[in-house]
2 protein chains.
Amino acid sequence: MEQRIHNFNAGPAALPLPVLATAQEELLNFKGSGMSVMEISHRSKWFDGILEDAVVRMKRLLGAGDNYQVLFLQGGASTQFAMAPMNLLPDGQAADYVNTGTWAKKAIQEAQILGKKANVPATSQDRNFAYIPKNVSYTPGAAYVHLTSNNTIEGTQYNGFPDTGDAPIVTDMSSDMLCRPVDISKCGLVYAGAQKNLGPAGVCIAVLRKDMLERVPKTIPTMFRYTTHAEKNSLYNTPPCWSIYIVGLVLKWLEETVGGLDKMEAQNRAKAELLYKAIDKTGFYKGTADKEDRSWMNVTFRLGSEDLEKKFVAEAEKAGLGGLKGHRSVGGCRASIYNATGLDAVEALVSFMNDFEKNNG
Amino acid sequence: MEQRIHNFNAGPAALPLPVLATAQEELLNFKGSGMSVMEISHRSKWFDGILEDAVVRMKRLLGAGDNYQVLFLQGGASTQFAMAPMNLLPDGQAADYVNTGTWAKKAIQEAQILGKKANVPATSQDRNFAYIPKNVSYTPGAAYVHLTSNNTIEGTQYNGFPDTGDAPIVTDMSSDMLCRPVDISKCGLVYAGAQKNLGPAGVCIAVLRKDMLERVPKTIPTMFRYTTHAEKNSLYNTPPCWSIYIVGLVLKWLEETVGGLDKMEAQNRAKAELLYKAIDKTGFYKGTADKEDRSWMNVTFRLGSEDLEKKFVAEAEKAGLGGLKGHRSVGGCRASIYNATGLDAVEALVSFMNDFEKNNG
């Protein structure tokens, strides 16, 4: 293997090296099966073991009780933008959608395409989504409150879930699921595309509180019903076996190598603090999000000019620091420092930033 | 690596060993990127290369002109059962669905759930789907004719597409796409879950004739519209990068190692003839499909009793021949001999069958 880079991609993103090493080692012959994980039947004892292990670990890490079910679906969070209202928002009722940025807006749009009633009780659009709205008055009787717990593009993050009263929270945690312990007991549905903090692209995790399943109408196509996948334990049709396998290895790494979510939280806090400290030091770098709402996962910042930002990204790449360009819709720079991106990578980035500032300040 | 088995799984199924070897070799560092394919951005030059190569090879192998577009979607053929009528069957019009077995029935059901008009101009249900209906009278003005080109469970296969007049063919080729050259010019849509003959689970190939896109209503959720994925070249949201990468390697193997679809057809014909000859030899084994409609991909057969079938499958597995149990819905035995299952595997199976017959006949 040649040199690997420090990977700050927003997603698909870095995976833990031990996970990749295991996948590589087992690729031609999974646990004596004589087959690759890509070649085993999804109805074999080998895949049963992979799936069961991933489900158990996910529930344990989330602190999810027996009233929750973990599903492995396809189509990413973008498909959940449609599936959540199709399944959980009865016609005639309304749901609340807090608008905290690009992905929240897409979720709202999908509810609207379906002719569903999506209220927006709060938005941070007035300041380019640089903050998370506080003290929101949710609609009484809302079927659910939809939150985007971490805003990958704008670099903001909920610091714990707000009190939404009787309305269950439906939350897109694509970019911060399992970055630290959270209380999901208020959540009716947590969903996340795996390719940021949980594994490779090609699988979407949906954690449903079982009472939510009672809302699911039988009139929607089989594959788009949560009940279909819940009743068959994600095996109604052939699931994305390889991606689930890798997610399982990541969860195992989280529990057995990192040592659980408390340890992960400490590491992520240290990484984020180190990087934001470097950004705040002199004014050469400018963080784009309000300090109290800054994301631990996606650290967004600007430099003095777009030319300087281009130079920063290009020189960083030459120095083995990849993926630092901001999302094409907002520009600037972004360092995504998910679970799998180590403190060593952040230290290397901070060191590069200091040098770059010296040479260009 | 320990011993690999001869893999007769129906899907997920065998992959070409050189494909797996390449995937293993590149797993930690794809082409000098310093990242795994699972870690590279779907908007990077590396993934652009993977996607473009897979699309070009697929079109070349299919003989698809510029009027066709290749999409990589998620959710398997089961999702296409819903997406095809949602997108291509306008309310008020009818489509024809030929009922050739389990998967055809599921396609019909999804059209019905959507409230669409699905005619069934022909079915082979009268003889347990042991044949492909011939000389079918299709409904005049049908929006399309849906065919299941190979019936994985029942072991039958269309030997070329029938003349459906003006109605474009919409066909589920999940278990025989690229097993031999076919004329897709009559097809408005060809779709296939990759995990049988094309690659790993987690990606579904949809090849659309571009005039079909004009039918797509704007009122369906973004992710379920073919136009969404066509306009963004399968990059509207994060695609299943790893699965597309492996499909690309399989297509490269088909072109460069096998030598194209004519060569693949010759190999598949030889494999199927050898196996059916062994089945027909004495009456100890009984093929379940009519001879003229036998599948080259899924060879279904029975033995004298269910106990004997159980013994056959168990002893075969001990002999390193895996996946020979028939689908749980029909019982019996099934050897799936997709492109990646070599003649050597079929020879080993035939040799085992001869021995088993000697010992149990």
# chains A, B, ... in the order shown; residues from 1 in each chain; ligands from 1
>>> residues_around(residues="Glu255 (chain B)", least_positions_apart="5", cutoff="8 Å", atoms="only C-alpha atoms", output="PyMOL selection string")
chain B and resi 57+61+260-261
>>> closest_atom_pairs(of="chain A", to="chain B", cutoff="6 Å", atoms="only C-alpha atoms", output="JSON lines")
{"residue": "A:Gln3", "atom": "CA", "partner": "B:Gly34", "partner_atom": "CA", "distance": 5.9}
{"residue": "A:Arg4", "atom": "CA", "partner": "B:Gly34", "partner_atom": "CA", "distance": 3.9}
{"residue": "A:Ile5", "atom": "CA", "partner": "B:Gly34", "partner_atom": "CA", "distance": 4.9}
{"residue": "A:Pro12", "atom": "CA", "partner": "B:Ser41", "partner_atom": "CA", "distance": 5.2}
{"residue": "A:Ala13", "atom": "CA", "partner": "B:Glu39", "partner_atom": "CA", "distance": 4.7}
{"residue": "A:Ala14", "atom": "CA", "partner": "B:Glu39", "partner_atom": "CA", "distance": 5.2}
{"residue": "A:Gln24", "atom": "CA", "partner": "B:Gln24", "partner_atom": "CA", "distance": 5.4}
{"residue": "A:Gly34", "atom": "CA", "partner": "B:Arg4", "partner_atom": "CA", "distance": 3.8}
{"residue": "A:Met38", "atom": "CA", "partner": "B:Pro200", "partner_atom": "CA", "distance": 5.3}
{"residue": "A:Glu39", "atom": "CA", "partner": "B:Ala13", "partner_atom": "CA", "distance": 4.7}
{"residue": "A:Ile40", "atom": "CA", "partner": "B:Pro12", "partner_atom": "CA", "distance": 5.9}
{"residue": "A:Ser41", "atom": "CA", "partner": "B:Pro12", "partner_atom": "CA", "distance": 5.2}
{"residue": "A:Gln74", "atom": "CA", "partner": "B:Gly75", "partner_atom": "CA", "distance": 5.3}
{"residue": "A:Gly75", "atom": "CA", "partner": "B:Gln74", "partner_atom": "CA", "distance": 5.3}
{"residue": "A:Thr79", "atom": "CA", "partner": "B:Met223", "partner_atom": "CA", "distance": 5.9}
{"residue": "A:Pro200", "atom": "CA", "partner": "B:Met38", "partner_atom": "CA", "distance": 5.3}
{"residue": "A:Ala201", "atom": "CA", "partner": "B:Pro240", "partner_atom": "CA", "distance": 5.1}
{"residue": "A:Gly202", "atom": "CA", "partner": "B:Pro240", "partner_atom": "CA", "distance": 4.0}
{"residue": "A:Met223", "atom": "CA", "partner": "B:Thr79", "partner_atom": "CA", "distance": 5.9}
{"residue": "A:Pro240", "atom": "CA", "partner": "B:Gly202", "partner_atom": "CA", "distance": 4.0}
>>> select_by_dssp(residues="region 44-236 of chain B", states="alpha helix (DSSP H)", output="PyMOL selection string")
chain B and resi 45-62+76-88+102-113+226-231
>>> residues_around(residues="Ala104 (chain A)", least_positions_apart="3", cutoff="12 Å", atoms="only C-alpha atoms", output="JSON, numbers by chain")
{"A": [77, 78, 80, 81, 96, 97, 98, 99, 100, 101, 107, 108, 109, 110, 111, 118, 120, 122, 123, 124, 125, 129, 132, 145, 146, 147, 148, 149, 150, 151, 152, 153, 154, 170, 171, 172, 173, 174]}
>>> residues_around(residues="Ala270 (chain A)", least_positions_apart="5", cutoff="10 Å", atoms="only C-alpha atoms", output="list of chain:residue names")
A:Met264, A:Glu265, A:Leu275, A:Trp296, A:Leu343, A:Val346
>>> closest_residue(among="B:Asn128, B:Asn354, B:Thr341, B:Ser336", to="Lys281 (chain B)", atoms="only C-alpha atoms")
B:Asn354
>>> atom_distance(atom1="CA of Asp211 (chain A)", atom2="CA of Leu254 (chain A)")
28.8 Å
>>> residues_around(residues="Asn135 (chain A)", least_positions_apart="3", cutoff="10 Å", atoms="only C-alpha atoms", output="MDAnalysis selection string")
chainID A and resid 122 138 162:163
>>> write_last_selection(atoms="N, CA, C and O atoms", output="mmCIF file, in the first residue's frame")
data_model
loop_
_atom_site.group_PDB
_atom_site.id
_atom_site.type_symbol
_atom_site.label_atom_id
_atom_site.label_comp_id
_atom_site.auth_asym_id
_atom_site.auth_seq_id
_atom_site.Cartn_x
_atom_site.Cartn_y
_atom_site.Cartn_z
ATOM 1 N N ALA A 122 -39.751 27.305 12.355
ATOM 2 C CA ALA A 122 -38.536 28.097 12.572
ATOM 3 C C ALA A 122 -37.555 27.848 11.447
ATOM 4 O O ALA A 122 -37.499 26.758 10.880
ATOM 5 N N TYR A 138 -43.572 24.909 18.488
ATOM 6 C CA TYR A 138 -44.008 23.865 17.560
ATOM 7 C C TYR A 138 -45.527 23.883 17.432
ATOM 8 O O TYR A 138 -46.242 24.322 18.334
ATOM 9 N N PRO A 162 -34.284 19.232 21.197
ATOM 10 C CA PRO A 162 -35.164 20.132 21.946
ATOM 11 C C PRO A 162 -36.404 19.388 22.453
ATOM 12 O O PRO A 162 -36.698 18.282 21.995
ATOM 13 N N ASP A 163 -37.109 20.036 23.366
ATOM 14 C CA ASP A 163 -38.370 19.477 23.866
ATOM 15 C C ASP A 163 -39.468 19.798 22.850
ATOM 16 O O ASP A 163 -39.804 20.961 22.634
#
>>> residues_around(residues="Ala54 (chain A)", least_positions_apart="4", cutoff="9 Å", atoms="only C-alpha atoms", output="MDAnalysis selection string")
chainID A and resid 49:50 58:59 244:245 247:249 251:252
>>> write_last_selection(atoms="N, CA, C and O atoms", output="compact mmCIF listing (two decimals), in the first residue's frame")
# COMPACT_ATOMS: atom_id res chain seq x y z
N GLY A 49 -25.57 -13.70 10.64
CA GLY A 49 -24.64 -13.28 11.69
C GLY A 49 -24.22 -11.82 11.54
O GLY A 49 -24.18 -11.06 12.52
N ILE A 50 -23.93 -11.42 10.31
CA ILE A 50 -23.53 -10.03 10.05
C ILE A 50 -24.66 -9.07 10.43
O ILE A 50 -24.45 -8.07 11.11
N MET A 58 -25.85 -1.57 17.04
CA MET A 58 -26.47 -0.26 16.81
C MET A 58 -27.42 0.09 17.95
O MET A 58 -27.40 1.22 18.46
N LYS A 59 -28.22 -0.86 18.36
CA LYS A 59 -29.17 -0.60 19.44
C LYS A 59 -28.43 -0.31 20.75
O LYS A 59 -28.80 0.60 21.50
N ILE A 244 -23.76 -3.20 4.60
CA ILE A 244 -24.18 -3.55 5.96
C ILE A 244 -23.01 -4.21 6.70
O ILE A 244 -22.77 -3.93 7.89
N TYR A 245 -22.29 -5.04 6.02
CA TYR A 245 -21.09 -5.69 6.59
C TYR A 245 -20.09 -4.65 7.08
O TYR A 245 -19.59 -4.73 8.22
N VAL A 247 -20.68 -1.43 7.76
CA VAL A 247 -21.26 -0.71 8.91
C VAL A 247 -21.07 -1.54 10.18
O VAL A 247 -20.69 -1.02 11.23
N GLY A 248 -21.32 -2.83 10.08
CA GLY A 248 -21.13 -3.71 11.24
C GLY A 248 -19.70 -3.66 11.77
O GLY A 248 -19.47 -3.61 12.99
N LEU A 249 -18.74 -3.66 10.86
CA LEU A 249 -17.33 -3.57 11.29
C LEU A 249 -17.04 -2.23 11.95
O LEU A 249 -16.27 -2.15 12.91
N LEU A 251 -19.23 -0.42 13.62
CA LEU A 251 -19.86 -0.45 14.95
C LEU A 251 -19.02 -1.26 15.93
O LEU A 251 -18.86 -0.91 17.10
N LYS A 252 -18.47 -2.36 15.43
CA LYS A 252 -17.58 -3.19 16.26
C LYS A 252 -16.35 -2.37 16.67
O LYS A 252 -15.92 -2.40 17.82
>>> select_by_dssp(residues="region 139-337 of chain B", states="strand (DSSP E)", output="PDB file with N, CA, C and O atoms, in the first residue's frame")
ATOM      1  N   VAL B 145     -45.224  -3.454 -22.366  1.00  0.00           N
ATOM      2  CA  VAL B 145     -45.407  -4.871 -22.043  1.00  0.00           C
ATOM      3  C   VAL B 145     -44.292  -5.264 -21.083  1.00  0.00           C
ATOM      4  O   VAL B 145     -43.111  -5.122 -21.409  1.00  0.00           O
ATOM      5  N   HIS B 146     -44.680  -5.727 -19.898  1.00  0.00           N
ATOM      6  CA  HIS B 146     -43.680  -6.106 -18.901  1.00  0.00           C
ATOM      7  C   HIS B 146     -43.382  -7.596 -18.979  1.00  0.00           C
ATOM      8  O   HIS B 146     -44.285  -8.428 -18.914  1.00  0.00           O
ATOM      9  N   LEU B 147     -42.100  -7.907 -19.123  1.00  0.00           N
ATOM     10  CA  LEU B 147     -41.650  -9.304 -19.196  1.00  0.00           C
ATOM     11  C   LEU B 147     -40.577  -9.560 -18.146  1.00  0.00           C
ATOM     12  O   LEU B 147     -39.745  -8.694 -17.885  1.00  0.00           O
ATOM     13  N   THR B 148     -40.588 -10.742 -17.594  1.00  0.00           N
ATOM     14  CA  THR B 148     -39.503 -11.177 -16.712  1.00  0.00           C
ATOM     15  C   THR B 148     -38.641 -12.110 -17.547  1.00  0.00           C
ATOM     16  O   THR B 148     -39.017 -13.258 -17.794  1.00  0.00           O
ATOM     17  N   ASN B 150     -35.901 -13.757 -17.339  1.00  0.00           N
ATOM     18  CA  ASN B 150     -35.452 -15.036 -16.790  1.00  0.00           C
ATOM     19  C   ASN B 150     -36.112 -15.202 -15.430  1.00  0.00           C
ATOM     20  O   ASN B 150     -36.126 -14.263 -14.627  1.00  0.00           O
ATOM     21  N   ASN B 151     -36.675 -16.371 -15.204  1.00  0.00           N
ATOM     22  CA  ASN B 151     -37.405 -16.601 -13.965  1.00  0.00           C
ATOM     23  C   ASN B 151     -36.546 -17.428 -13.020  1.00  0.00           C
ATOM     24  O   ASN B 151     -36.477 -18.664 -13.116  1.00  0.00           O
ATOM     25  N   THR B 156     -37.064 -20.777 -15.907  1.00  0.00           N
ATOM     26  CA  THR B 156     -37.396 -20.577 -17.322  1.00  0.00           C
ATOM     27  C   THR B 156     -36.814 -19.256 -17.807  1.00  0.00           C
ATOM     28  O   THR B 156     -36.508 -18.371 -17.007  1.00  0.00           O
ATOM     29  N   GLN B 157     -36.688 -19.140 -19.128  1.00  0.00           N
ATOM     30  CA  GLN B 157     -36.056 -17.947 -19.696  1.00  0.00           C
ATOM     31  C   GLN B 157     -36.613 -17.674 -21.093  1.00  0.00           C
ATOM     32  O   GLN B 157     -36.838 -18.618 -21.868  1.00  0.00           O
ATOM     33  N   ILE B 169     -41.075  -2.720 -24.628  1.00  0.00           N
ATOM     34  CA  ILE B 169     -40.912  -3.754 -23.599  1.00  0.00           C
ATOM     35  C   ILE B 169     -40.263  -3.135 -22.368  1.00  0.00           C
ATOM     36  O   ILE B 169     -39.316  -2.354 -22.474  1.00  0.00           O
ATOM     37  N   VAL B 170     -40.817  -3.447 -21.220  1.00  0.00           N
ATOM     38  CA  VAL B 170     -40.180  -3.139 -19.932  1.00  0.00           C
ATOM     39  C   VAL B 170     -39.826  -4.486 -19.335  1.00  0.00           C
ATOM     40  O   VAL B 170     -40.708  -5.331 -19.153  1.00  0.00           O
ATOM     41  N   THR B 171     -38.560  -4.718 -19.088  1.00  0.00           N
ATOM     42  CA  THR B 171     -38.185  -6.077 -18.709  1.00  0.00           C
ATOM     43  C   THR B 171     -37.254  -6.142 -17.511  1.00  0.00           C
ATOM     44  O   THR B 171     -36.291  -5.392 -17.404  1.00  0.00           O
ATOM     45  N   ASP B 172     -37.604  -7.044 -16.624  1.00  0.00           N
ATOM     46  CA  ASP B 172     -36.774  -7.368 -15.466  1.00  0.00           C
ATOM     47  C   ASP B 172     -35.762  -8.415 -15.904  1.00  0.00           C
ATOM     48  O   ASP B 172     -36.104  -9.571 -16.131  1.00  0.00           O
ATOM     49  N   CYS B 187     -36.853  -2.413 -26.314  1.00  0.00           N
ATOM     50  CA  CYS B 187     -37.046  -2.177 -24.879  1.00  0.00           C
ATOM     51  C   CYS B 187     -37.073  -0.690 -24.544  1.00  0.00           C
ATOM     52  O   CYS B 187     -36.191   0.074 -24.953  1.00  0.00           O
ATOM     53  N   GLY B 188     -38.081  -0.287 -23.793  1.00  0.00           N
ATOM     54  CA  GLY B 188     -38.123   1.063 -23.241  1.00  0.00           C
ATOM     55  C   GLY B 188     -37.363   1.140 -21.937  1.00  0.00           C
ATOM     56  O   GLY B 188     -36.805   2.186 -21.576  1.00  0.00           O
ATOM     57  N   LEU B 189     -37.352   0.036 -21.224  1.00  0.00           N
ATOM     58  CA  LEU B 189     -36.641  -0.029 -19.939  1.00  0.00           C
ATOM     59  C   LEU B 189     -36.188  -1.461 -19.683  1.00  0.00           C
ATOM     60  O   LEU B 189     -36.972  -2.402 -19.777  1.00  0.00           O
ATOM     61  N   VAL B 190     -34.900  -1.592 -19.397  1.00  0.00           N
ATOM     62  CA  VAL B 190     -34.349  -2.859 -18.923  1.00  0.00           C
ATOM     63  C   VAL B 190     -33.837  -2.595 -17.513  1.00  0.00           C
ATOM     64  O   VAL B 190     -33.104  -1.628 -17.299  1.00  0.00           O
ATOM     65  N   TYR B 191     -34.252  -3.409 -16.560  1.00  0.00           N
ATOM     66  CA  TYR B 191     -33.715  -3.201 -15.208  1.00  0.00           C
ATOM     67  C   TYR B 191     -33.245  -4.513 -14.607  1.00  0.00           C
ATOM     68  O   TYR B 191     -33.712  -5.594 -14.998  1.00  0.00           O
ATOM     69  N   ALA B 192     -32.328  -4.413 -13.673  1.00  0.00           N
ATOM     70  CA  ALA B 192     -31.752  -5.622 -13.075  1.00  0.00           C
ATOM     71  C   ALA B 192     -31.084  -5.280 -11.759  1.00  0.00           C
ATOM     72  O   ALA B 192     -30.241  -4.397 -11.695  1.00  0.00           O
ATOM     73  N   GLY B 193     -31.467  -5.973 -10.720  1.00  0.00           N
ATOM     74  CA  GLY B 193     -30.654  -5.968  -9.504  1.00  0.00           C
ATOM     75  C   GLY B 193     -29.320  -6.595  -9.867  1.00  0.00           C
ATOM     76  O   GLY B 193     -29.271  -7.595 -10.594  1.00  0.00           O
ATOM     77  N   CYS B 204     -28.891  -1.309  -8.544  1.00  0.00           N
ATOM     78  CA  CYS B 204     -29.824  -1.782  -9.558  1.00  0.00           C
ATOM     79  C   CYS B 204     -29.531  -1.006 -10.836  1.00  0.00           C
ATOM     80  O   CYS B 204     -29.435   0.222 -10.814  1.00  0.00           O
ATOM     81  N   ILE B 205     -29.374  -1.721 -11.930  1.00  0.00           N
ATOM     82  CA  ILE B 205     -29.110  -1.067 -13.213  1.00  0.00           C
ATOM     83  C   ILE B 205     -30.436  -0.845 -13.934  1.00  0.00           C
ATOM     84  O   ILE B 205     -31.261  -1.757 -14.014  1.00  0.00           O
ATOM     85  N   ALA B 206     -30.634   0.359 -14.415  1.00  0.00           N
ATOM     86  CA  ALA B 206     -31.823   0.659 -15.220  1.00  0.00           C
ATOM     87  C   ALA B 206     -31.340   1.282 -16.522  1.00  0.00           C
ATOM     88  O   ALA B 206     -30.654   2.308 -16.505  1.00  0.00           O
ATOM     89  N   VAL B 207     -31.679   0.660 -17.632  1.00  0.00           N
ATOM     90  CA  VAL B 207     -31.308   1.182 -18.943  1.00  0.00           C
ATOM     91  C   VAL B 207     -32.583   1.682 -19.598  1.00  0.00           C
ATOM     92  O   VAL B 207     -33.482   0.904 -19.900  1.00  0.00           O
ATOM     93  N   LEU B 208     -32.651   2.976 -19.773  1.00  0.00           N
ATOM     94  CA  LEU B 208     -33.873   3.616 -20.263  1.00  0.00           C
ATOM     95  C   LEU B 208     -33.691   4.140 -21.671  1.00  0.00           C
ATOM     96  O   LEU B 208     -32.677   4.787 -21.982  1.00  0.00           O
ATOM     97  N   ARG B 209     -34.688   3.861 -22.527  1.00  0.00           N
ATOM     98  CA  ARG B 209     -34.720   4.536 -23.811  1.00  0.00           C
ATOM     99  C   ARG B 209     -35.194   5.953 -23.532  1.00  0.00           C
ATOM    100  O   ARG B 209     -36.164   6.161 -22.805  1.00  0.00           O
ATOM    101  N   LYS B 286     -34.858 -34.857 -12.398  1.00  0.00           N
ATOM    102  CA  LYS B 286     -35.925 -34.419 -13.309  1.00  0.00           C
ATOM    103  C   LYS B 286     -35.933 -32.900 -13.415  1.00  0.00           C
ATOM    104  O   LYS B 286     -36.156 -32.215 -12.406  1.00  0.00           O
ATOM    105  N   GLY B 287     -35.679 -32.374 -14.598  1.00  0.00           N
ATOM    106  CA  GLY B 287     -35.775 -30.925 -14.815  1.00  0.00           C
ATOM    107  C   GLY B 287     -37.219 -30.471 -14.651  1.00  0.00           C
ATOM    108  O   GLY B 287     -38.139 -31.208 -14.994  1.00  0.00           O
ATOM    109  N   ASN B 298     -30.515 -20.445 -14.274  1.00  0.00           N
ATOM    110  CA  ASN B 298     -31.000 -21.118 -13.067  1.00  0.00           C
ATOM    111  C   ASN B 298     -31.560 -22.466 -13.479  1.00  0.00           C
ATOM    112  O   ASN B 298     -32.614 -22.553 -14.101  1.00  0.00           O
ATOM    113  N   VAL B 299     -30.807 -23.499 -13.153  1.00  0.00           N
ATOM    114  CA  VAL B 299     -31.155 -24.852 -13.591  1.00  0.00           C
ATOM    115  C   VAL B 299     -31.877 -25.539 -12.435  1.00  0.00           C
ATOM    116  O   VAL B 299     -31.278 -25.861 -11.413  1.00  0.00           O
ATOM    117  N   THR B 300     -33.188 -25.717 -12.600  1.00  0.00           N
ATOM    118  CA  THR B 300     -34.017 -26.259 -11.514  1.00  0.00           C
ATOM    119  C   THR B 300     -34.317 -27.731 -11.777  1.00  0.00           C
ATOM    120  O   THR B 300     -34.629 -28.114 -12.903  1.00  0.00           O
ATOM    121  N   PHE B 301     -34.213 -28.526 -10.752  1.00  0.00           N
ATOM    122  CA  PHE B 301     -34.476 -29.969 -10.922  1.00  0.00           C
ATOM    123  C   PHE B 301     -34.921 -30.591  -9.602  1.00  0.00           C
ATOM    124  O   PHE B 301     -34.711 -30.025  -8.529  1.00  0.00           O
ATOM    125  N   ARG B 302     -35.551 -31.729  -9.719  1.00  0.00           N
ATOM    126  CA  ARG B 302     -36.028 -32.465  -8.553  1.00  0.00           C
ATOM    127  C   ARG B 302     -35.357 -33.828  -8.502  1.00  0.00           C
ATOM    128  O   ARG B 302     -34.860 -34.324  -9.511  1.00  0.00           O
ATOM    129  N   LEU B 321     -19.650 -27.699  -3.002  1.00  0.00           N
ATOM    130  CA  LEU B 321     -20.585 -27.196  -4.014  1.00  0.00           C
ATOM    131  C   LEU B 321     -21.737 -26.525  -3.272  1.00  0.00           C
ATOM    132  O   LEU B 321     -22.613 -27.204  -2.736  1.00  0.00           O
ATOM    133  N   GLY B 322     -21.738 -25.212  -3.232  1.00  0.00           N
ATOM    134  CA  GLY B 322     -22.682 -24.484  -2.370  1.00  0.00           C
ATOM    135  C   GLY B 322     -23.876 -23.900  -3.094  1.00  0.00           C
ATOM    136  O   GLY B 322     -23.818 -23.643  -4.300  1.00  0.00           O
ATOM    137  N   CYS B 333     -34.172 -28.601  -6.112  1.00  0.00           N
ATOM    138  CA  CYS B 333     -32.785 -28.164  -6.215  1.00  0.00           C
ATOM    139  C   CYS B 333     -32.651 -27.142  -7.337  1.00  0.00           C
ATOM    140  O   CYS B 333     -33.453 -27.111  -8.266  1.00  0.00           O
ATOM    141  N   ARG B 334     -31.639 -26.329  -7.210  1.00  0.00           N
ATOM    142  CA  ARG B 334     -31.386 -25.316  -8.236  1.00  0.00           C
ATOM    143  C   ARG B 334     -29.901 -25.023  -8.275  1.00  0.00           C
ATOM    144  O   ARG B 334     -29.297 -24.716  -7.238  1.00  0.00           O
ATOM    145  N   ALA B 335     -29.330 -25.102  -9.458  1.00  0.00           N
ATOM    146  CA  ALA B 335     -27.944 -24.679  -9.649  1.00  0.00           C
ATOM    147  C   ALA B 335     -27.968 -23.393 -10.464  1.00  0.00           C
ATOM    148  O   ALA B 335     -28.386 -23.391 -11.621  1.00  0.00           O
ATOM    149  N   SER B 336     -27.571 -22.308  -9.848  1.00  0.00           N
ATOM    150  CA  SER B 336     -27.490 -21.045 -10.580  1.00  0.00           C
ATOM    151  C   SER B 336     -26.094 -20.953 -11.170  1.00  0.00           C
ATOM    152  O   SER B 336     -25.100 -21.029 -10.448  1.00  0.00           O
TER     153      SER B 336
END
>>> residues_around(residues="region 305-310 of chain B", least_positions_apart="4", cutoff="10 Å", atoms="only C-alpha atoms", output="JSON, numbers by chain")
{"B": [285, 301, 314, 315, 316, 324, 325, 326, 331, 332, 333, 360]}
>>> decode(residues="region 118-130 of chain B", atoms="N, CA and C atoms", output="mmCIF file, in the first residue's frame")
data_model
loop_
_atom_site.group_PDB
_atom_site.id
_atom_site.type_symbol
_atom_site.label_atom_id
_atom_site.label_comp_id
_atom_site.auth_asym_id
_atom_site.auth_seq_id
_atom_site.Cartn_x
_atom_site.Cartn_y
_atom_site.Cartn_z
ATOM 1 N N ALA B 118 -53.106 -2.955 -14.777
ATOM 2 C CA ALA B 118 -52.164 -3.961 -15.261
ATOM 3 C C ALA B 118 -52.942 -5.138 -15.830
ATOM 4 N N ASN B 119 -52.953 -5.247 -17.140
ATOM 5 C CA ASN B 119 -53.559 -6.424 -17.781
ATOM 6 C C ASN B 119 -52.580 -7.589 -17.741
ATOM 7 N N VAL B 120 -53.128 -8.795 -17.678
ATOM 8 C CA VAL B 120 -52.269 -9.975 -17.760
ATOM 9 C C VAL B 120 -52.709 -10.771 -18.990
ATOM 10 N N PRO B 121 -52.076 -10.497 -20.134
ATOM 11 C CA PRO B 121 -52.517 -11.138 -21.377
ATOM 12 C C PRO B 121 -52.131 -12.612 -21.454
ATOM 13 N N ALA B 122 -51.220 -13.048 -20.595
ATOM 14 C CA ALA B 122 -50.802 -14.461 -20.635
ATOM 15 C C ALA B 122 -50.154 -14.840 -19.312
ATOM 16 N N THR B 123 -50.348 -16.093 -18.936
ATOM 17 C CA THR B 123 -49.726 -16.602 -17.715
ATOM 18 C C THR B 123 -49.385 -18.072 -17.913
ATOM 19 N N SER B 124 -48.360 -18.523 -17.230
ATOM 20 C CA SER B 124 -48.044 -19.956 -17.261
ATOM 21 C C SER B 124 -48.310 -20.592 -15.896
ATOM 22 N N GLN B 125 -49.199 -19.955 -15.147
ATOM 23 C CA GLN B 125 -49.514 -20.433 -13.799
ATOM 24 C C GLN B 125 -50.166 -21.825 -13.835
ATOM 25 N N ASP B 126 -50.863 -22.148 -14.948
ATOM 26 C CA ASP B 126 -51.564 -23.439 -15.035
ATOM 27 C C ASP B 126 -50.629 -24.627 -14.858
ATOM 28 N N ARG B 127 -49.351 -24.478 -15.231
ATOM 29 C CA ARG B 127 -48.398 -25.584 -15.039
ATOM 30 C C ARG B 127 -47.207 -25.120 -14.216
ATOM 31 N N ASN B 128 -47.534 -24.484 -13.069
ATOM 32 C CA ASN B 128 -46.476 -24.051 -12.137
ATOM 33 C C ASN B 128 -45.361 -23.265 -12.813
ATOM 34 N N PHE B 129 -45.726 -22.478 -13.801
ATOM 35 C CA PHE B 129 -44.758 -21.600 -14.455
ATOM 36 C C PHE B 129 -43.587 -22.369 -15.084
ATOM 37 N N ALA B 130 -43.890 -23.560 -15.593
ATOM 38 C CA ALA B 130 -42.822 -24.387 -16.173
ATOM 39 C C ALA B 130 -42.489 -23.986 -17.607
#
